[in-house]
Structure formats: C-alpha cells, structure tokens
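Undergrad: Take this structure first; my questions come after.
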Number of protein chains: 2
Amino acid sequence: MHSLLAVGSVAYDDLDGPYGKHVDLLGGSGSFFATAASYLSQNVSLIAVVGDDFAPEHLEFFDSRGIDCSGLEKQAGKTFHWSGIYSDDLTSRESLKTELGVFADFEPKLLDDHKKSELLFLGNIHPSLQQSVLDQIDSPMLVAADTMNFWIDGALDALRTTLSRVDTLLINDEEARQLAGKHNLVAAAEEILKMGPSSVVIKRGDSGALLFYDGGIFAAPALPLEEVRDPTGAGDSFAGGFMGYLARCGELDALAIRSAMIFGSVMASFAVQQFSLDGLRNLDNGTIQKRFDAFYDLANFAPVRL
Amino acid sequence: MHSLLAVGSVAYDDLDGPYGKHVDLLGGSGSFFATAASYLSQNVSLIAVVGDDFAPEHLEFFDSRGIDCSGLEKQAGKTFHWSGIYSDDLTSRESLKTELGVFADFEPKLLDDHKKSELLFLGNIHPSLQQSVLDQIDSPMLVAADTMNFWIDGALDALRTTLSRVDTLLINDEEARQLAGKHNLVAAAEEILKMGPSSVVIKRGDSGALLFYDGGIFAAPALPLEEVRDPTGAGDSFAGGFMGYLARCGELDALAIRSAMIFGSVMASFAVQQFSLDGLRNLDNGTIQKRFDAFYDLANFAPVRL
C-alpha cells in the first residue's frame, strides 16, 4: 500500500445538455480523482482550495470517503465555478463560463506528511503550480499528471517543463494530438514520450484508453453503457481509479499498470452514469469487483495457434 | 473445417486522398472478403460478376490465393467502378461516382457445390439479391451479412426481410445507428437483434469492433497503427478474417466467435496499411500469427480480486 497525494480543483459545475439543466453540482478534477481513488486506497490526500461558500455537506462527503482533507484550504471568496453545455449525444461540450474565484490565487502547499507521499497525481491546473508541487514533494515513486488544451495553448513552455518531470501523462486524444502536433495517435504518443514521461495514457471516451510505454501498447476497452448522463469528470475518475489501484497493489510494473488502466475505466464508467459525483457515491468492493469482471469478460479471448 | 461461400462485388476503385490519386485499383466487397478469408481457410468460394474489361492478372491473383472462382461470372460490359475521395485524416469519405456496369443486372447463381456450403457471407449488395442467395443455398450452419446506408435508406423493407434470415449482421457504427434509429450503440444493437440476427458485430474503425450476442458483449480493440494509407475494404477484410477463422476452426461457439473477431481485426489491420488489396497480398501463417499475438498483447490483462 502506497500513499497517494493529489492536487487539483474542487469546484461547482453548472451543466446543460440532453438531460436538462443542473446547477451547483460538486465537481472539479480533485473531487473526482480523490473520490474514485478512495474506493481502492485508504491513503488518499487531496490538496485544493475552496471558497467560504463551499457547502459543509460536501466536505463531509470527502470525510466519509476517508479522504485526507488536511490540505484542502478554505479561503475568503467564491469556490471555482464552471458552467458548460453538452451536445445532444454528449460527445462534445462548450464552456460557457469559468469563474476562478479563490482558485485564481491557489498556491498548493504541502504539509510535512504530504511531502512523503509515494504516489503523486498532478490534476489539471496551471503547469507552474504542478511544478511547485514537484518542488515541495520529497521523492515520489511515481508522478502522474493531467493537462488540457487551455495550457497547451497558453502555457506550453511551462507545460513542457512539467512534462520533463513526470512519469505518466494522462491526456485525452484531442489534447494528445494538439500537444504532439500529430494526428496519428501512435505518432503523437511517441512525440509525447520524447518530452519526458515514460508512459502516456490517451483517454478516448467511449473508445476506451490506450497506454503507450516501453513495453508496448495496452488498449483498455470502454464498457458499452446504455445510460450515460454526464461525462464531466470521467477523465479524472479514470485517473483516480488508475492511481488508486497502483496505491492499493503496491506494484508499479506493467502487469499492475495494465490492471490500473482497467480500474481507471471501471471508475470512469461509474462516474458517467450519473451527474456530478453521484455515480461514485454508493459503491463498495462488490460492485467494483463486478464491474472489473465485466471488463474482463468484455476483453477476454483465448490465444490461438494457427 | 467448414466450406465458406461469399457473394459480393468485384470492382475497380479510383481513390483520392492524403496519399494522392490512385485509379483502377482492384476492390469490391467480395475481393477483400475472399482474399482475407483465403489466409485462414482453403475452402473459400466467391460468387460475383465482372465485365470483359476485368484484367486477367486479377483473376490469377484470386487463383493464386486458392479462391474458388467457378461462381465468378464474366459478362459483356464494364466491371463495377467506384470512385471516392477521403478526408485528410482518412476518417470520412465521399463517393464521387458509382458506375454499376455489369453489376446492375447481377443475379447470383449458385452451382450445386456452392449450395452445400456450411458458412455463407452475404456481402454488401441489394438485400433482394442477398435473399436470392438464401433461397438457393441448402442449409448453412451460419449466415453472416453486411449492408450499408444506401440500402437502409432505399430498400429497408427488403433489408428487414434479409435480416430476419441471417444469424450475424456485420455493420459499421453509423449504419447501426441509422438502422436502429438509436444513437447509443447498446440500444442500437438491442434493436437490431430484435430484427432477427442472434449476433451483431458493430465495426468502429480505429476504435475496434463490438460483438453483441446473448452471452454478452465482446470488444475487439483496433491495433494502433502508425501507417494507415487506405481504409477501403477494411470492413470486408474484417468480415473475411472473421468468417475465414470460423471456417478454419470448425466451431461456432462464443470462444470461437471471440477469436474470429480478433482475426477479423488482424486482416483489417493489414488491409488498411496499403492501397487496394496490397496489404493482403504477401501474408503467411507466420505474419498472421505475429499480428494475432500483437492483438493478444494489446488487450491482455490479469484478473484481479479486490
């Protein structure tokens, strides 16, 4: 069992789309990540900032999940608030409003305990803030990071410095293409691996996720779901399942990382079935095992000798 | 070992796209299907029609692959000629010209030997022609069929009659959505299974292929390829690998069908790497086994108990 530290955003989201309008939903990369990870590891800490409008029941929810929130600062002002609208088929979305609030001056500060963390996840925040976390932490065994088109467009130099310091980049397909300047995903992954990481996970929504590493390529399928209500946080839930499993199993070899890809897919599949974190609220070992087994059955075939 | 009969088109294609203009390429659903299947089964027969412009070397190629062409009619007139243009990323294409030639009056006729075939593939031709083949064949163990948006739009009643008589429908994702009138692929597959087939294979290009059947769902990954030159015939090559493996192994249970999905993916992955049938020209057991093993490595992960 390894300790797992995550830095990211805790936010409120307003969403519009085929299932109607929903406001003030608990969201943010840190919330999804830590909640998903909490089902696999009892040693998850979250570094983030919220405003004084942050609802006590949301803090209680993190507590109930056993997430260490000693690094979750509360500051005077408003919690990060994002609003967006999804297309009817949920395959694309548009940001309508991004109010940074207290997140605008976020300076992640690691407590002494956090500095000893063995696994670190740098959620989707400014690459310079990701680096300030790397400057503070002692010597993690594995550093994974996420990013987005906004930083690829606006902070590419800082992002490249971050990338030179991380082991695993988790990124979606369009962002991978943009970052690498290559449309082909194999070529894009090769380009990204040259930037520093030893592995890159390319998330492709309902087409699954691809892991590129020096041992080859692993394709995690997406579970075909009849009901998908809200893709918000799917990527962060994937990252939470991925890192949570690595924290749980204590190994970082290819076998463990392949299983971690599936636990990432498992947690993402739960997340998208409900709004906000609701798909991640009432899980237990049994439901997670059953979903993992469904992925195994989905992907399993026998070797054949011609 | 089962005998495998295929009916489809043999055509010449003109293609334009990111790799330049190519004219008079050997193509057609029957050509791709039979060639792909010929690497897995020595008992493949093709029913199709060509014009008197059909090049002898193309007939010789089919012969060299051991494909029984006794049902390949030669008629006065021109061979079916299709031309299309691909988008720069090869993910979409537009038909520019479709000259049916001798294919306009195609009436598939089965020789006595063909009527005893154990496996039948109905390539993408008019659903009424597909039915005329079903009327002529004795009692195949498995009938698989393909179709396309053109018939869903223009011959839906005939297509539904065909579907009520086939075991397995192979179709791409957009066509599945159109046929079922449902965007969600799980819902679309359920709707299609109600139309008659006991299984449906939904082909998703570089997102792989999904098999829906009463035992569940199987996801075959697509092999991430750095070089993709020509997606023409990928679906027919998939079908050829799929049916060719079933003909080879002699079983039709879920285990065999899952392996067949992978051999379909294997043959499609070879086909798209070159123009026309060139990616399927110089294979052997060794190269096919190696590609199958690459798929196994791509998809393989260990079961985990939480």
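Residues in the structure tokens are named by chain (A, B, ... in the order shown) and by number from 1 within that chain; ligands are numbered from 1 in the order shown.
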Using only C-alpha atoms, determine which residues of chain B fall within 8 Å of chain A; present them as a VMD selection string.
TA: chain B and resid 89 183 to 187 207 to 208 216 to 221 224 to 226 255 258 to 259 285 289 293 296 to 306
Undergrad: Would you save the residues from that selection as a short mmCIF file (atom, residue, chain, number, x, y, z; two decimals), in the first residue's frame, using N, CA and C atoms?
TA:
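File written: selection-v5.cif
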data_model
loop_
_atom_site.label_atom_id
_atom_site.label_comp_id
_atom_site.auth_asym_id
_atom_site.auth_seq_id
_atom_site.Cartn_x
_atom_site.Cartn_y
_atom_site.Cartn_z
N ASP B 89 -7.63 13.10 -42.75
CA ASP B 89 -7.33 12.18 -41.65
C ASP B 89 -7.89 10.79 -41.90
N HIS B 183 -29.03 6.36 -31.17
CA HIS B 183 -27.63 6.78 -31.18
C HIS B 183 -26.76 5.87 -30.31
N ASN B 184 -27.26 5.52 -29.14
CA ASN B 184 -26.48 4.68 -28.22
C ASN B 184 -26.26 3.29 -28.82
N LEU B 185 -25.00 2.82 -28.83
CA LEU B 185 -24.70 1.57 -29.54
C LEU B 185 -25.29 0.33 -28.85
N VAL B 186 -25.40 0.37 -27.52
CA VAL B 186 -26.01 -0.77 -26.82
C VAL B 186 -27.49 -0.85 -27.21
N ALA B 187 -28.15 0.30 -27.19
CA ALA B 187 -29.57 0.34 -27.57
C ALA B 187 -29.74 -0.04 -29.04
N SER B 207 -11.51 2.50 -33.53
CA SER B 207 -11.96 2.23 -32.17
C SER B 207 -12.27 0.76 -31.96
N GLY B 208 -11.99 -0.08 -32.95
CA GLY B 208 -12.21 -1.51 -32.79
C GLY B 208 -13.59 -1.96 -33.21
N GLY B 216 -23.44 -11.83 -24.06
CA GLY B 216 -22.87 -10.58 -23.58
C GLY B 216 -22.31 -9.72 -24.70
N ILE B 217 -21.23 -9.05 -24.37
CA ILE B 217 -20.58 -8.14 -25.31
C ILE B 217 -19.09 -8.46 -25.33
N PHE B 218 -18.50 -8.46 -26.52
CA PHE B 218 -17.05 -8.61 -26.64
C PHE B 218 -16.51 -7.41 -27.41
N ALA B 219 -15.45 -6.83 -26.87
CA ALA B 219 -14.81 -5.68 -27.53
C ALA B 219 -13.47 -6.09 -28.10
N ALA B 220 -13.35 -6.09 -29.42
CA ALA B 220 -12.07 -6.33 -30.07
C ALA B 220 -11.40 -4.97 -30.27
N PRO B 221 -10.17 -4.79 -29.78
CA PRO B 221 -9.52 -3.50 -29.98
C PRO B 221 -9.05 -3.35 -31.43
N PRO B 224 -3.35 -0.01 -32.76
CA PRO B 224 -2.91 1.34 -33.15
C PRO B 224 -1.79 1.23 -34.19
N LEU B 225 -2.00 1.82 -35.34
CA LEU B 225 -1.06 1.73 -36.46
C LEU B 225 -0.52 3.10 -36.79
N GLU B 226 0.77 3.16 -37.03
CA GLU B 226 1.35 4.46 -37.38
C GLU B 226 1.10 4.79 -38.85
N LEU B 255 -16.44 -18.83 -27.75
CA LEU B 255 -14.98 -18.78 -27.72
C LEU B 255 -14.43 -18.62 -29.14
N ARG B 258 -15.27 -15.10 -30.53
CA ARG B 258 -14.38 -14.06 -29.99
C ARG B 258 -13.03 -14.08 -30.72
N SER B 259 -12.48 -15.27 -30.93
CA SER B 259 -11.22 -15.35 -31.68
C SER B 259 -11.42 -14.86 -33.11
N ASN B 285 1.26 -17.66 -42.66
CA ASN B 285 0.87 -18.04 -41.30
C ASN B 285 1.66 -17.30 -40.24
N GLN B 289 0.07 -14.93 -37.52
CA GLN B 289 0.21 -15.31 -36.11
C GLN B 289 0.84 -14.17 -35.30
N ASP B 293 -0.86 -12.27 -32.20
CA ASP B 293 -0.20 -12.17 -30.90
C ASP B 293 -0.08 -10.71 -30.45
N TYR B 296 -3.24 -9.89 -28.95
CA TYR B 296 -3.36 -10.52 -27.63
C TYR B 296 -2.61 -9.68 -26.60
N ASP B 297 -1.41 -9.27 -26.95
CA ASP B 297 -0.62 -8.45 -26.03
C ASP B 297 -1.28 -7.10 -25.79
N LEU B 298 -1.91 -6.57 -26.83
CA LEU B 298 -2.58 -5.27 -26.73
C LEU B 298 -3.73 -5.30 -25.73
N ALA B 299 -4.45 -6.42 -25.68
CA ALA B 299 -5.70 -6.48 -24.91
C ALA B 299 -5.56 -7.21 -23.58
N ASN B 300 -4.43 -7.86 -23.36
CA ASN B 300 -4.33 -8.79 -22.24
C ASN B 300 -4.09 -8.11 -20.89
N PHE B 301 -4.91 -8.47 -19.90
CA PHE B 301 -4.64 -8.07 -18.52
C PHE B 301 -5.08 -9.20 -17.59
N ALA B 302 -4.54 -9.17 -16.38
CA ALA B 302 -4.79 -10.28 -15.46
C ALA B 302 -6.06 -10.01 -14.66
N PRO B 303 -6.80 -11.08 -14.33
CA PRO B 303 -7.93 -10.90 -13.40
C PRO B 303 -7.41 -10.45 -12.04
N VAL B 304 -8.17 -9.63 -11.34
CA VAL B 304 -7.77 -9.12 -10.03
C VAL B 304 -8.90 -9.39 -9.04
N ARG B 305 -8.55 -9.86 -7.84
CA ARG B 305 -9.53 -9.97 -6.74
C ARG B 305 -9.27 -8.85 -5.75
N LEU B 306 -10.25 -8.04 -5.49
CA LEU B 306 -10.09 -6.94 -4.52
C LEU B 306 -10.05 -7.47 -3.09
#
Undergrad: Each residue of segment 184-251 of chain B with at least one atom at most 12 Å from segment 116-137 of chain B should appear once, together with its nearest atom pair and the corresponding distance in Å (one decimal); atoms considered: only C-alpha atoms; ordering: chain, then increasing residue number; output as a tab-separated table.
TA:
residue	atom	partner	partner_atom	distance
B:Gly233	CA	B:Asn124	CA	11.3
B:Gly235	CA	B:Gly123	CA	10.3
B:Asp236	CA	B:Gly123	CA	7.8
B:Ser237	CA	B:Gly123	CA	11.1
B:Phe238	CA	B:Gly123	CA	11.8
B:Ala239	CA	B:Phe121	CA	8.2
B:Gly240	CA	B:Phe121	CA	8.6
B:Gly241	CA	B:Phe121	CA	11.6
B:Phe242	CA	B:Phe121	CA	10.3
B:Met243	CA	B:Phe121	CA	7.6
B:Gly244	CA	B:Leu119	CA	9.3
B:Tyr245	CA	B:Leu119	CA	11.1
B:Leu246	CA	B:Leu119	CA	8.4
B:Ala247	CA	B:Leu119	CA	7.0
B:Arg248	CA	B:Leu119	CA	10.8
B:Gly250	CA	B:Glu118	CA	9.9
B:Glu251	CA	B:Leu119	CA	11.3
Undergrad: Export, as a PDB file, in the first residue's frame, the selected residues with N, CA and C atoms.
TA:
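part_3.pdb, freshly written:
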ATOM      1  N   GLY B 233     -12.202  -1.181 -47.922  1.00  0.00           N
ATOM      2  CA  GLY B 233     -12.190  -2.636 -47.783  1.00  0.00           C
ATOM      3  C   GLY B 233     -11.879  -3.135 -46.394  1.00  0.00           C
ATOM      4  N   GLY B 235     -13.704  -3.086 -43.678  1.00  0.00           N
ATOM      5  CA  GLY B 235     -14.840  -3.836 -43.136  1.00  0.00           C
ATOM      6  C   GLY B 235     -14.991  -5.202 -43.785  1.00  0.00           C
ATOM      7  N   ASP B 236     -14.760  -5.276 -45.089  1.00  0.00           N
ATOM      8  CA  ASP B 236     -14.869  -6.560 -45.796  1.00  0.00           C
ATOM      9  C   ASP B 236     -13.705  -7.482 -45.427  1.00  0.00           C
ATOM     10  N   SER B 237     -12.527  -6.895 -45.208  1.00  0.00           N
ATOM     11  CA  SER B 237     -11.390  -7.698 -44.767  1.00  0.00           C
ATOM     12  C   SER B 237     -11.643  -8.231 -43.362  1.00  0.00           C
ATOM     13  N   PHE B 238     -12.276  -7.380 -42.514  1.00  0.00           N
ATOM     14  CA  PHE B 238     -12.665  -7.844 -41.181  1.00  0.00           C
ATOM     15  C   PHE B 238     -13.585  -9.051 -41.313  1.00  0.00           C
ATOM     16  N   ALA B 239     -14.621  -8.908 -42.137  1.00  0.00           N
ATOM     17  CA  ALA B 239     -15.582 -10.000 -42.317  1.00  0.00           C
ATOM     18  C   ALA B 239     -14.891 -11.252 -42.846  1.00  0.00           C
ATOM     19  N   GLY B 240     -13.924 -11.075 -43.755  1.00  0.00           N
ATOM     20  CA  GLY B 240     -13.193 -12.212 -44.312  1.00  0.00           C
ATOM     21  C   GLY B 240     -12.367 -12.935 -43.261  1.00  0.00           C
ATOM     22  N   GLY B 241     -11.687 -12.174 -42.407  1.00  0.00           N
ATOM     23  CA  GLY B 241     -10.917 -12.779 -41.321  1.00  0.00           C
ATOM     24  C   GLY B 241     -11.833 -13.481 -40.327  1.00  0.00           C
ATOM     25  N   PHE B 242     -12.959 -12.838 -40.041  1.00  0.00           N
ATOM     26  CA  PHE B 242     -13.946 -13.365 -39.089  1.00  0.00           C
ATOM     27  C   PHE B 242     -14.498 -14.705 -39.581  1.00  0.00           C
ATOM     28  N   MET B 243     -15.018 -14.719 -40.806  1.00  0.00           N
ATOM     29  CA  MET B 243     -15.638 -15.941 -41.337  1.00  0.00           C
ATOM     30  C   MET B 243     -14.579 -16.978 -41.700  1.00  0.00           C
ATOM     31  N   GLY B 244     -13.429 -16.505 -42.176  1.00  0.00           N
ATOM     32  CA  GLY B 244     -12.349 -17.426 -42.526  1.00  0.00           C
ATOM     33  C   GLY B 244     -11.887 -18.208 -41.308  1.00  0.00           C
ATOM     34  N   TYR B 245     -11.795 -17.525 -40.164  1.00  0.00           N
ATOM     35  CA  TYR B 245     -11.382 -18.246 -38.957  1.00  0.00           C
ATOM     36  C   TYR B 245     -12.447 -19.245 -38.516  1.00  0.00           C
ATOM     37  N   LEU B 246     -13.719 -18.846 -38.602  1.00  0.00           N
ATOM     38  CA  LEU B 246     -14.792 -19.785 -38.222  1.00  0.00           C
ATOM     39  C   LEU B 246     -14.779 -21.013 -39.135  1.00  0.00           C
ATOM     40  N   ALA B 247     -14.511 -20.786 -40.427  1.00  0.00           N
ATOM     41  CA  ALA B 247     -14.422 -21.909 -41.364  1.00  0.00           C
ATOM     42  C   ALA B 247     -13.247 -22.809 -40.988  1.00  0.00           C
ATOM     43  N   ARG B 248     -12.147 -22.190 -40.594  1.00  0.00           N
ATOM     44  CA  ARG B 248     -10.947 -22.942 -40.251  1.00  0.00           C
ATOM     45  C   ARG B 248     -11.129 -23.781 -38.996  1.00  0.00           C
ATOM     46  N   GLY B 250     -13.854 -24.620 -37.282  1.00  0.00           N
ATOM     47  CA  GLY B 250     -14.931 -25.612 -37.271  1.00  0.00           C
ATOM     48  C   GLY B 250     -15.915 -25.486 -36.125  1.00  0.00           C
ATOM     49  N   GLU B 251     -15.664 -24.560 -35.198  1.00  0.00           N
ATOM     50  CA  GLU B 251     -16.588 -24.337 -34.075  1.00  0.00           C
ATOM     51  C   GLU B 251     -17.313 -23.021 -34.283  1.00  0.00           C
TER      52      GLU B 251
END
Undergrad: Taking into account only C-alpha atoms, which residue in the set A:Ile152, A:Met1, A:Ala234, A:Met141 is nearest to Gly264 of chain A?
TA: A:Ala234
Undergrad: Compare A:Ile47, A:Lys78, A:Ser38, A:Tyr12 by their minimum atom-to-atom distance to Gly66 of chain A, counting only C-alpha atoms, and give me the closest one.
TA: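 Smallest distance to Gly66 of chain A is found for A:Ser38.
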Undergrad: Any idea what the distance is between atom CA of Asp14 of chain A and atom CA of Trp82 of chain A?
TA: 6.3 Å
Undergrad: Which of segment 87-229 of chain A end up as helix (DSSP H, G or I) when DSSP is run on this backbone - answer as a VMD selection string?
TA: chain A and resid 101 to 105 112 to 115 127 to 136 149 to 154 156 to 163 173 to 180 185 to 194 205 to 207
Undergrad: Looking only at the backbone, which of the residues in segment 32-105 of chain B does DSSP tag as strand (DSSP E or B), as number ranges by chain?
TA: B: 44-51, 68, 72-75, 81-86, 93-99
Undergrad: Keeping only C-alpha atoms, write the selected residues to a file as an mmCIF file, in the first residue's frame.
TA:
data_model
loop_
_atom_site.group_PDB
_atom_site.id
_atom_site.type_symbol
_atom_site.label_atom_id
_atom_site.label_comp_id
_atom_site.auth_asym_id
_atom_site.auth_seq_id
_atom_site.Cartn_x
_atom_site.Cartn_y
_atom_site.Cartn_z
ATOM 1 C CA VAL B 44 -13.421 -20.243 -49.947
ATOM 2 C CA SER B 45 -15.734 -19.708 -52.946
ATOM 3 C CA LEU B 46 -16.687 -16.359 -54.417
ATOM 4 C CA ILE B 47 -19.918 -15.533 -56.284
ATOM 5 C CA ALA B 48 -19.644 -12.246 -58.180
ATOM 6 C CA VAL B 49 -19.701 -10.710 -61.636
ATOM 7 C CA VAL B 50 -17.078 -8.846 -63.661
ATOM 8 C CA GLY B 51 -17.093 -7.224 -67.080
ATOM 9 C CA ASP B 68 -12.723 -20.992 -55.975
ATOM 10 C CA LEU B 72 -17.317 -15.566 -60.729
ATOM 11 C CA GLU B 73 -19.244 -14.744 -63.903
ATOM 12 C CA LYS B 74 -17.741 -12.742 -66.729
ATOM 13 C CA GLN B 75 -20.263 -10.702 -68.731
ATOM 14 C CA HIS B 81 -16.359 1.046 -60.953
ATOM 15 C CA TRP B 82 -16.420 3.210 -57.819
ATOM 16 C CA SER B 83 -14.572 6.409 -57.125
ATOM 17 C CA GLY B 84 -14.295 8.310 -53.897
ATOM 18 C CA ILE B 85 -12.294 10.884 -52.009
ATOM 19 C CA TYR B 86 -11.044 10.562 -48.438
ATOM 20 C CA ARG B 93 -15.040 9.667 -47.409
ATOM 21 C CA GLU B 94 -17.340 10.848 -50.137
ATOM 22 C CA SER B 95 -18.484 8.820 -53.127
ATOM 23 C CA LEU B 96 -17.785 10.695 -56.342
ATOM 24 C CA LYS B 97 -19.033 8.219 -58.923
ATOM 25 C CA THR B 98 -20.626 4.773 -58.914
ATOM 26 C CA GLU B 99 -20.826 3.033 -62.286
#
